[in-house]
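Asks: My structure is stored as target-v8.txt, with compact mmCIF, C-alpha atoms (C1' of nucleotides).
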```txt
# COMPACT_ATOMS: atom_id res chain seq x y z
CA MET A 1 -16.36 -13.46 -1.62
CA PRO A 2 -19.50 -11.60 -0.57
CA ARG A 3 -21.91 -13.67 1.41
CA SER A 4 -24.91 -11.41 1.59
CA ALA A 5 -27.70 -10.53 -0.77
CA PRO A 6 -26.95 -8.68 -4.01
CA THR A 7 -27.71 -5.26 -2.55
CA PRO A 8 -25.59 -5.09 0.57
CA HIS A 9 -25.02 -1.37 0.59
CA GLN A 10 -27.91 -0.50 2.83
CA THR A 11 -27.45 -0.11 6.55
CA PRO A 12 -25.19 -3.01 7.35
CA SER A 13 -27.15 -5.75 9.00
CA LEU A 14 -24.95 -8.26 10.73
CA ARG A 15 -27.73 -10.76 11.12
CA ALA A 16 -28.84 -10.56 7.53
CA ALA A 17 -25.29 -11.18 6.43
CA GLY A 18 -25.08 -14.27 8.58
CA MET A 19 -22.75 -12.71 11.12
CA ARG A 20 -23.12 -12.84 14.84
CA GLN A 21 -23.94 -9.60 16.50
CA THR A 22 -21.04 -8.78 18.78
CA PRO A 23 -20.24 -5.56 20.61
CA GLN A 24 -16.92 -5.40 18.81
CA ARG A 25 -18.54 -5.43 15.41
CA GLU A 26 -21.07 -2.83 16.38
CA ALA A 27 -18.33 -0.63 17.78
CA ILE A 28 -16.28 -0.85 14.60
CA LEU A 29 -19.28 0.03 12.47
CA LYS A 30 -20.12 2.94 14.73
CA VAL A 31 -16.65 4.42 14.51
CA LEU A 32 -16.71 4.09 10.75
CA LYS A 33 -20.15 5.61 10.58
CA ASP A 34 -19.10 8.66 12.57
CA ALA A 35 -15.90 9.16 10.62
CA GLU A 36 -15.60 11.79 7.94
CA ARG A 37 -12.47 10.41 6.46
CA PRO A 38 -10.85 7.06 5.81
CA LEU A 39 -9.53 5.54 9.02
CA SER A 40 -6.69 3.14 9.58
CA ALA A 41 -7.29 -0.02 11.57
CA GLU A 42 -5.43 1.50 14.46
CA GLU A 43 -7.49 4.67 14.38
CA ILE A 44 -10.65 2.62 14.41
CA TRP A 45 -9.32 0.59 17.29
CA SER A 46 -8.49 3.72 19.28
CA GLY A 47 -11.94 5.07 18.56
CA MET A 48 -13.68 2.10 20.12
CA GLU A 49 -14.77 2.79 23.64
CA LYS A 50 -12.41 1.39 26.22
CA ARG A 51 -10.49 -0.31 23.43
CA ARG A 52 -12.48 -3.41 24.25
CA SER A 53 -11.02 -5.38 21.44
CA GLY A 54 -7.74 -6.48 20.04
CA ILE A 55 -6.35 -5.12 16.80
CA PRO A 56 -6.63 -8.52 15.12
CA THR A 57 -10.37 -8.43 15.67
CA VAL A 58 -10.53 -5.05 13.98
CA TYR A 59 -8.60 -6.31 10.98
CA ARG A 60 -10.62 -9.49 10.71
CA ASN A 61 -13.92 -7.67 10.77
CA LEU A 62 -12.80 -4.93 8.45
CA GLU A 63 -11.89 -7.57 5.93
CA ARG A 64 -15.31 -9.09 6.40
CA PHE A 65 -17.08 -5.77 5.94
CA VAL A 66 -15.13 -5.04 2.78
CA SER A 67 -16.05 -8.40 1.32
CA GLU A 68 -19.68 -7.66 2.13
CA GLY A 69 -19.41 -4.44 0.20
CA TRP A 70 -20.11 -2.36 3.28
CA ALA A 71 -16.72 -0.74 3.37
CA GLU A 72 -13.90 0.01 1.02
CA SER A 73 -10.19 -0.14 1.66
CA LEU A 74 -7.97 2.57 0.27
CA GLN A 75 -4.21 2.60 -0.05
CA GLY A 76 -2.74 5.98 0.68
CA SER A 77 0.69 7.10 -0.34
CA ASP A 78 2.03 5.60 2.86
CA GLN A 79 2.07 1.96 3.77
CA VAL A 80 -1.21 2.10 5.63
CA MET A 81 -4.59 0.78 4.59
CA ARG A 82 -7.54 3.00 5.40
CA PHE A 83 -11.22 2.15 5.50
CA VAL A 84 -14.44 3.97 4.72
CA LEU A 85 -18.05 2.93 4.86
CA CYS A 86 -19.68 2.94 1.44
CA ARG A 87 -22.70 5.19 1.58
CA SER A 88 -23.71 4.70 -1.98
CA PRO A 89 -24.39 1.42 -3.71
CA HIS A 90 -23.42 2.91 -7.05
CA HIS A 91 -20.07 3.27 -8.68
CA HIS A 92 -18.37 6.15 -6.98
CA HIS A 93 -15.04 7.63 -6.08
CA HIS A 94 -13.56 9.15 -2.98
CA LEU A 95 -12.47 12.73 -2.87
CA THR A 96 -10.11 13.62 -0.08
CA CYS A 97 -9.28 17.08 1.19
CA GLU A 98 -5.53 17.40 1.49
CA THR A 99 -5.87 20.08 4.12
CA CYS A 100 -8.28 18.56 6.63
CA GLY A 101 -8.50 14.95 5.49
CA ARG A 102 -12.27 15.01 5.10
CA THR A 103 -13.42 12.57 2.46
CA VAL A 104 -16.62 12.57 0.48
CA GLU A 105 -18.04 10.28 -2.12
CA VAL A 106 -18.68 11.49 -5.61
CA ASP A 107 -21.49 9.55 -7.16
CA GLY A 108 -21.16 8.38 -10.67
CA CYS A 109 -17.89 8.55 -12.40
CA GLY A 110 -17.58 10.96 -15.27
CA VAL A 111 -14.56 9.36 -16.79
CA GLU A 112 -16.35 7.04 -19.17
CA GLU A 113 -15.57 9.01 -22.29
CA GLY A 114 -11.97 9.27 -21.24
CA LEU A 115 -11.81 5.54 -20.74
CA ALA A 116 -13.26 4.89 -24.15
CA ALA A 117 -10.57 7.07 -25.70
CA MET A 118 -7.88 5.22 -23.78
CA GLU A 119 -9.25 1.89 -24.95
CA ARG A 120 -8.99 3.04 -28.52
CA ALA A 121 -5.48 4.35 -28.00
CA SER A 122 -4.15 1.27 -26.26
CA GLY A 123 -6.08 -1.63 -27.68
CA PHE A 124 -6.79 -2.75 -24.13
CA ARG A 125 -10.22 -3.56 -22.89
CA ILE A 126 -10.59 -1.64 -19.69
CA THR A 127 -12.63 -3.60 -17.19
CA ARG A 128 -12.10 -1.69 -14.03
CA HIS A 129 -10.45 1.43 -12.74
CA GLN A 130 -9.53 3.03 -9.52
CA LEU A 131 -9.66 6.78 -9.29
CA THR A 132 -8.58 8.62 -6.21
CA LEU A 133 -9.07 12.34 -6.08
CA PHE A 134 -7.31 14.89 -3.93
CA GLY A 135 -7.98 18.56 -3.47
CA GLN A 136 -9.50 20.98 -1.04
CA CYS A 137 -12.94 20.91 0.45
CA PRO A 138 -15.21 23.97 0.42
CA ALA A 139 -14.47 24.80 4.07
CA CYS A 140 -10.73 24.73 3.60
CA ARG A 141 -10.97 26.69 0.38
CA ALA A 142 -12.82 29.38 2.28
CA ALA A 143 -10.35 29.37 5.15
CA ILE A 144 -7.27 29.48 3.01
CA PRO A 145 -8.16 31.33 -0.17
CA GLY A 146 -5.73 31.28 -3.03
CA MET B 147 12.66 16.81 -4.07
CA PRO B 148 13.89 16.46 -7.64
CA ARG B 149 17.45 17.48 -8.11
CA SER B 150 17.78 17.37 -11.86
CA ALA B 151 16.80 19.68 -14.65
CA PRO B 152 13.13 20.35 -15.37
CA THR B 153 12.93 17.68 -18.07
CA PRO B 154 14.27 14.59 -16.41
CA HIS B 155 12.15 12.10 -18.28
CA GLN B 156 14.64 11.41 -21.04
CA THR B 157 17.00 8.48 -20.82
CA PRO B 158 18.01 8.66 -17.18
CA SER B 159 21.49 10.09 -16.93
CA LEU B 160 23.06 9.45 -13.58
CA ARG B 161 25.81 11.96 -14.15
CA ALA B 162 23.49 14.71 -15.27
CA ALA B 163 21.41 14.19 -12.16
CA GLY B 164 24.44 14.54 -9.98
CA MET B 165 24.58 10.88 -9.05
CA ARG B 166 27.61 8.68 -9.14
CA GLN B 167 27.60 6.02 -11.75
CA THR B 168 27.66 2.71 -9.94
CA PRO B 169 27.10 -0.79 -11.27
CA GLN B 170 24.22 -1.21 -8.85
CA ARG B 171 22.37 1.77 -10.23
CA GLU B 172 22.94 0.71 -13.80
CA ALA B 173 21.69 -2.76 -12.98
CA ILE B 174 18.51 -1.47 -11.38
CA LEU B 175 17.79 0.77 -14.34
CA LYS B 176 18.42 -2.09 -16.73
CA VAL B 177 16.00 -4.39 -14.96
CA LEU B 178 13.36 -1.69 -14.96
CA LYS B 179 13.99 -0.92 -18.61
CA ASP B 180 13.52 -4.54 -19.61
CA ALA B 181 10.40 -5.01 -17.53
CA GLU B 182 6.99 -4.92 -19.08
CA ARG B 183 5.16 -4.57 -15.82
CA PRO B 184 5.61 -2.87 -12.47
CA LEU B 185 8.18 -4.67 -10.36
CA SER B 186 8.56 -4.87 -6.62
CA ALA B 187 11.88 -4.01 -5.03
CA GLU B 188 12.49 -7.67 -4.41
CA GLU B 189 11.76 -8.60 -8.00
CA ILE B 190 14.18 -5.97 -9.18
CA TRP B 191 16.76 -7.23 -6.78
CA SER B 192 16.35 -10.81 -8.00
CA GLY B 193 16.65 -9.59 -11.56
CA MET B 194 20.05 -8.04 -10.98
CA GLU B 195 22.86 -10.28 -12.14
CA LYS B 196 24.51 -12.17 -9.34
CA ARG B 197 22.40 -10.21 -6.89
CA ARG B 198 25.40 -7.97 -6.41
CA SER B 199 23.61 -5.61 -4.16
CA GLY B 200 21.67 -5.52 -0.97
CA ILE B 201 17.95 -4.85 -0.89
CA PRO B 202 18.48 -1.55 0.96
CA THR B 203 20.48 -0.29 -1.99
CA VAL B 204 17.62 -1.14 -4.30
CA TYR B 205 15.14 0.72 -2.13
CA ARG B 206 17.38 3.72 -1.72
CA ASN B 207 17.96 4.09 -5.42
CA LEU B 208 14.37 3.45 -6.33
CA GLU B 209 13.39 6.30 -4.07
CA ARG B 210 15.97 8.45 -5.77
CA PHE B 211 14.77 7.57 -9.24
CA VAL B 212 11.20 8.33 -8.29
CA SER B 213 12.15 11.73 -6.95
CA GLU B 214 13.99 12.40 -10.21
CA GLY B 215 10.83 11.62 -12.09
CA TRP B 216 12.42 8.65 -13.83
CA ALA B 217 10.21 6.08 -12.20
CA GLU B 218 6.84 5.91 -10.58
CA SER B 219 5.75 3.87 -7.60
CA LEU B 220 2.39 2.17 -7.67
CA GLN B 221 0.46 0.66 -4.80
CA GLY B 222 -1.27 -2.52 -5.79
CA SER B 223 -4.10 -4.10 -3.91
CA ASP B 224 -1.55 -5.90 -1.78
CA GLN B 225 0.87 -4.34 0.64
CA VAL B 226 3.69 -4.14 -1.89
CA MET B 227 5.03 -1.13 -3.73
CA ARG B 228 5.86 -1.66 -7.38
CA PHE B 229 7.97 0.45 -9.68
CA VAL B 230 7.89 1.34 -13.37
CA LEU B 231 10.09 3.50 -15.50
CA CYS B 232 8.24 6.51 -16.86
CA ARG B 233 8.58 6.53 -20.61
CA SER B 234 6.63 9.70 -21.12
CA PRO B 235 7.30 13.09 -19.58
CA HIS B 236 3.64 14.05 -19.80
CA HIS B 237 0.76 13.39 -17.50
CA HIS B 238 -0.15 9.77 -18.02
CA HIS B 239 -1.71 6.76 -16.41
CA HIS B 240 -0.79 3.13 -16.17
CA LEU B 241 -2.94 0.46 -17.68
CA THR B 242 -2.34 -3.03 -16.38
CA CYS B 243 -3.44 -6.27 -17.97
CA GLU B 244 -5.08 -8.42 -15.34
CA THR B 245 -4.24 -11.57 -17.25
CA CYS B 246 -0.53 -11.20 -17.99
CA GLY B 247 0.45 -8.24 -15.84
CA ARG B 248 1.84 -6.24 -18.73
CA THR B 249 1.56 -2.53 -18.13
CA VAL B 250 1.53 0.30 -20.61
CA GLU B 251 1.33 4.01 -20.29
CA VAL B 252 -1.60 5.92 -21.66
CA ASP B 253 -0.57 9.41 -22.61
CA GLY B 254 -2.77 12.27 -21.69
CA CYS B 255 -5.57 11.80 -19.32
CA GLY B 256 -9.05 12.13 -20.74
CA VAL B 257 -10.77 12.60 -17.44
CA GLU B 258 -10.65 16.38 -17.32
CA GLU B 259 -14.29 16.90 -18.14
CA GLY B 260 -15.26 14.33 -15.58
CA LEU B 261 -13.18 16.07 -12.97
CA ALA B 262 -14.81 19.40 -13.74
CA ALA B 263 -18.22 17.84 -13.21
CA MET B 264 -17.09 16.35 -9.91
CA GLU B 265 -15.79 19.71 -8.77
CA ARG B 266 -19.15 21.27 -9.46
CA ALA B 267 -20.98 18.46 -7.68
CA SER B 268 -18.80 18.45 -4.59
CA GLY B 269 -17.62 22.01 -4.17
CA PHE B 270 -14.09 20.68 -3.85
CA ARG B 271 -11.21 22.00 -5.84
CA ILE B 272 -9.53 18.96 -7.28
CA THR B 273 -5.79 19.47 -7.44
CA ARG B 274 -4.51 16.02 -8.23
CA HIS B 275 -5.74 12.59 -9.04
CA GLN B 276 -4.48 9.10 -9.37
CA LEU B 277 -6.08 6.84 -11.91
CA THR B 278 -5.11 3.23 -12.24
CA LEU B 279 -6.66 1.19 -14.99
CA PHE B 280 -7.08 -2.53 -15.25
CA GLY B 281 -8.23 -4.65 -18.12
CA GLN B 282 -6.92 -6.96 -20.77
CA CYS B 283 -4.19 -6.26 -23.28
CA PRO B 284 -4.69 -6.96 -26.99
CA ALA B 285 -2.70 -10.20 -26.86
CA CYS B 286 -4.70 -11.63 -23.99
CA ARG B 287 -7.95 -10.52 -25.57
CA ALA B 288 -6.99 -12.48 -28.66
CA ALA B 289 -5.94 -15.53 -26.68
CA ILE B 290 -9.02 -15.63 -24.52
CA PRO B 291 -11.88 -14.17 -26.52
CA GLY B 292 -15.07 -13.39 -24.77
C1' DT C 293 41.66 12.53 -1.06
C1' DT C 294 36.99 13.57 -0.60
C1' DT C 295 32.50 12.38 -0.17
C1' DG C 296 28.70 9.91 -2.01
C1' DT C 297 27.35 4.75 -1.92
C1' DT C 298 27.08 0.32 -0.50
C1' DG C 299 26.39 -3.90 2.50
C1' DC C 300 25.24 -5.89 6.57
C1' DA C 301 22.51 -6.47 10.35
C1' DA C 302 19.09 -5.01 12.95
C1' DA C 303 15.13 -2.26 13.87
C1' DG C 304 10.49 -0.62 12.60
C1' DG C 305 5.70 -0.76 11.79
C1' DG C 306 1.57 -2.41 9.84
C1' DT C 307 -0.87 -6.73 9.19
C1' DT C 308 -1.75 -11.72 9.78
C1' DT C 309 -1.88 -16.27 12.10
C1' DG C 310 -2.37 -20.00 15.72
C1' DC C 311 -4.72 -21.39 19.30
C1' DA C 312 -7.26 -21.73 23.48
C1' DG C 313 -10.92 -19.52 25.97
C1' DG C 314 -15.37 -17.06 25.57
C1' DA C 315 -19.91 -15.84 24.05
C1' DG C 316 -23.75 -15.45 20.52
C1' DA C 317 -27.81 -18.11 18.98
C1' DT D 318 -24.71 -27.09 23.16
C1' DC D 319 -22.55 -25.87 19.00
C1' DT D 320 -20.06 -22.92 16.40
C1' DC D 321 -18.42 -18.67 15.55
C1' DC D 322 -15.72 -14.96 17.42
C1' DT D 323 -12.31 -12.88 20.26
C1' DG D 324 -7.82 -11.90 22.62
C1' DC D 325 -3.21 -12.68 23.24
C1' DA D 326 1.23 -13.34 21.66
C1' DA D 327 4.03 -14.23 18.28
C1' DA D 328 5.04 -14.50 13.55
C1' DC D 329 5.38 -12.21 9.06
C1' DC D 330 6.83 -9.31 5.62
C1' DC D 331 8.04 -5.27 3.41
C1' DT D 332 10.68 -1.28 4.18
C1' DT D 333 13.91 1.77 6.62
C1' DT D 334 17.96 3.01 9.48
C1' DG D 335 22.74 3.05 11.53
C1' DC D 336 27.24 2.62 10.70
C1' DA D 337 31.65 1.26 9.07
C1' DA D 338 33.92 -0.14 4.81
C1' DC D 339 34.25 1.00 -0.02
C1' DA D 340 34.76 3.17 -4.43
C1' DA D 341 33.65 6.92 -7.91
C1' DA D 342 35.51 11.24 -9.22
```
Take the structure in the file and give it back as structure tokens.

Replies:
Amino acid sequence: MPRSAPTPHQTPSLRAAGMRQTPQREAILKVLKDAERPLSAEEIWSGMEKRRSGIPTVYRNLERFVSEGWAESLQGSDQVMRFVLCRSPHHHHHLTCETCGRTVEVDGCGVEEGLAAMERASGFRITRHQLTLFGQCPACRAAIPG
Amino acid sequence: MPRSAPTPHQTPSLRAAGMRQTPQREAILKVLKDAERPLSAEEIWSGMEKRRSGIPTVYRNLERFVSEGWAESLQGSDQVMRFVLCRSPHHHHHLTCETCGRTVEVDGCGVEEGLAAMERASGFRITRHQLTLFGQCPACRAAIPG
DNA sequence: TTTGTTGCAAAGGGTTTGCAGGAGA
DNA sequence: TCTCCTGCAAACCCTTTGCAACAAA
């Protein structure tokens, strides 16, 4: 249930979204902004200076940010939810390096034709999809050739 | 750490996989076989006649079946792991109807070209991907046209 | 008989809730 | 001042573990 204007992917503005501007919220956004990979709530919490917040506050705000479209929550293979700031307002996917954990966004999608073929094969109408990509980033490829 | 032969996707054979044949295991496999959608451990447990098992047994065997390649575990948007029997030995994806929950497998993949484009754009080497598809099955499309 | 499995109970770990006090606007 | 937000503690819930009893082979 997004509350903000239709194009919320710009620099998150607490005020514009009708949220009060608290140091906790700014700290959470800062940690997310500086992160190069999806972070768990606990990692975000640890990253906040002086831990001046409780974990529940982190969770509550994360949920808020996701519903605003500012962040995205990703389920890993473990039981932990991780969060990333959405840099792009467009449809995109996250590509995670399995060696160093760095995550980048890939704009666009590139699976449309594949989806169309699957629709024909299954008779389903495909309305949404979630694609998570894993591999190795350029730096790690260079470090560990093979 | 699969223990069975390289082609374990046929009808699961407990004996062939080096597992003892217990009523609990047969019951779990039966519930999964009859299911048309991914089931949580608790749903599987409830589906076993007379609940003649403890939840830990269900979890332990599910983990075993997954490592044998007989089943696959899927993370939904909630915090619950769900399980499906793999009908096909090939690379495939699961397509879930958002109206009735029915899930089918789509053989093949169809996103290869897209992945190649993403590799070029990102510089990553993509080694694995997870694609989950949502939409509406033929029956639900017929029932609720639009 | 041997050893893999099960059941119970309890622990674990991430996430959510209730509520009273605190602080933006 | 008026709400919204936060912090604390406890509750929740799914999943895992330890261990002794049990049963498949």

Asks: In Å to one decimal, how far is atom C1' of DT333 of chain D from atom CA of Ile201 of chain B?

Replies: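 Here the two named atoms are 10.8 Å from each other.
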
Asks: List every residue of chain C that has an atom at most 12 Å from any atom of chain A, giving for each one its closest atom pair and the distance in Å to one decimal, counting only C-alpha atoms (C1' of nucleotides), sorted by chain and then by ascending residue number, as a tab-separated table.

Replies:
```
residue	atom	partner	partner_atom	distance
C:DG305	C1'	A:Gln79	CA	9.2
C:DG306	C1'	A:Val80	CA	6.8
C:DT307	C1'	A:Tyr59	CA	7.9
C:DT308	C1'	A:Pro56	CA	7.9
C:DT309	C1'	A:Pro56	CA	9.6
C:DA315	C1'	A:Thr22	CA	8.9
C:DG316	C1'	A:Arg20	CA	6.3
C:DA317	C1'	A:Arg20	CA	8.2
```

Asks: I need the residues from that last selection saved to file as a PDB file, in the coordinates of the input (with C-alpha atoms (C1' of nucleotides)), if you can.

Replies:
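Contents of the output file selection18.pdb:
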```pdb
ATOM      1  C1'  DG C 305       5.700  -0.760  11.790  1.00  0.00           C
ATOM      2  C1'  DG C 306       1.570  -2.410   9.840  1.00  0.00           C
ATOM      3  C1'  DT C 307      -0.870  -6.730   9.190  1.00  0.00           C
ATOM      4  C1'  DT C 308      -1.750 -11.720   9.780  1.00  0.00           C
ATOM      5  C1'  DT C 309      -1.880 -16.270  12.100  1.00  0.00           C
ATOM      6  C1'  DA C 315     -19.910 -15.840  24.050  1.00  0.00           C
ATOM      7  C1'  DG C 316     -23.750 -15.450  20.520  1.00  0.00           C
ATOM      8  C1'  DA C 317     -27.810 -18.110  18.980  1.00  0.00           C
TER       9       DA C 317
END
```

Asks: Compute the set of chain D residues within 10 Å of chain A, using all atoms listed in the file, and express it as a list in words.

Replies: DC321, DC322, DT323, DG324, DC325, DC331 and DT332 of chain D

Asks: What is the distance between atom CA of Trp70 of chain A and atom CA of Val106 of chain A, in Å to one decimal?

Replies: 16.5 Å

Asks: Residues of chain A were defined as contacting chain B if any atom lay at most 8 Å from it, counting only C-alpha atoms; please report them as a PyMOL selection string.

Replies: chain A and resi 75+77+79+97+106+109-111+113-115+117-118+121-138+141

Asks: Taking all atoms of segment 198-214 of chain B that the file lists, what box with edges along x, y and z, padded by 8 Å per side, do you get, with centre and edge lengths in Å to one decimal, as AutoDock Vina command-line options?

Replies:
```
--center_x 18.3 --center_y 2.2 --center_z -4.6 --size_x 30.2 --size_y 36.4 --size_z 27.2
```

Asks: Excluding same-chain residues fewer than 6 positions from segment 175-180 of chain B, what lies within 9 Å of it counting all atoms listed in the file, as an NGL selection string?

Replies: :B and (158 or 190-191 or 193-194 or 217 or 229-231)

Asks: For atom CA of Ile28 of chain A and atom CA of Phe65 of chain A, determine how far apart the two atoms are, in Å to one decimal place.

Replies: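 Taking atom CA of Ile28 of chain A and atom CA of Phe65 of chain A, their separation equals 10.0 Å.
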
Asks: Could you check which of B:Arg248, B:Val204, B:Glu214, B:Ser192 is closest to Ala162 of chain B, using all atoms listed in the file?

Replies: B:Glu214
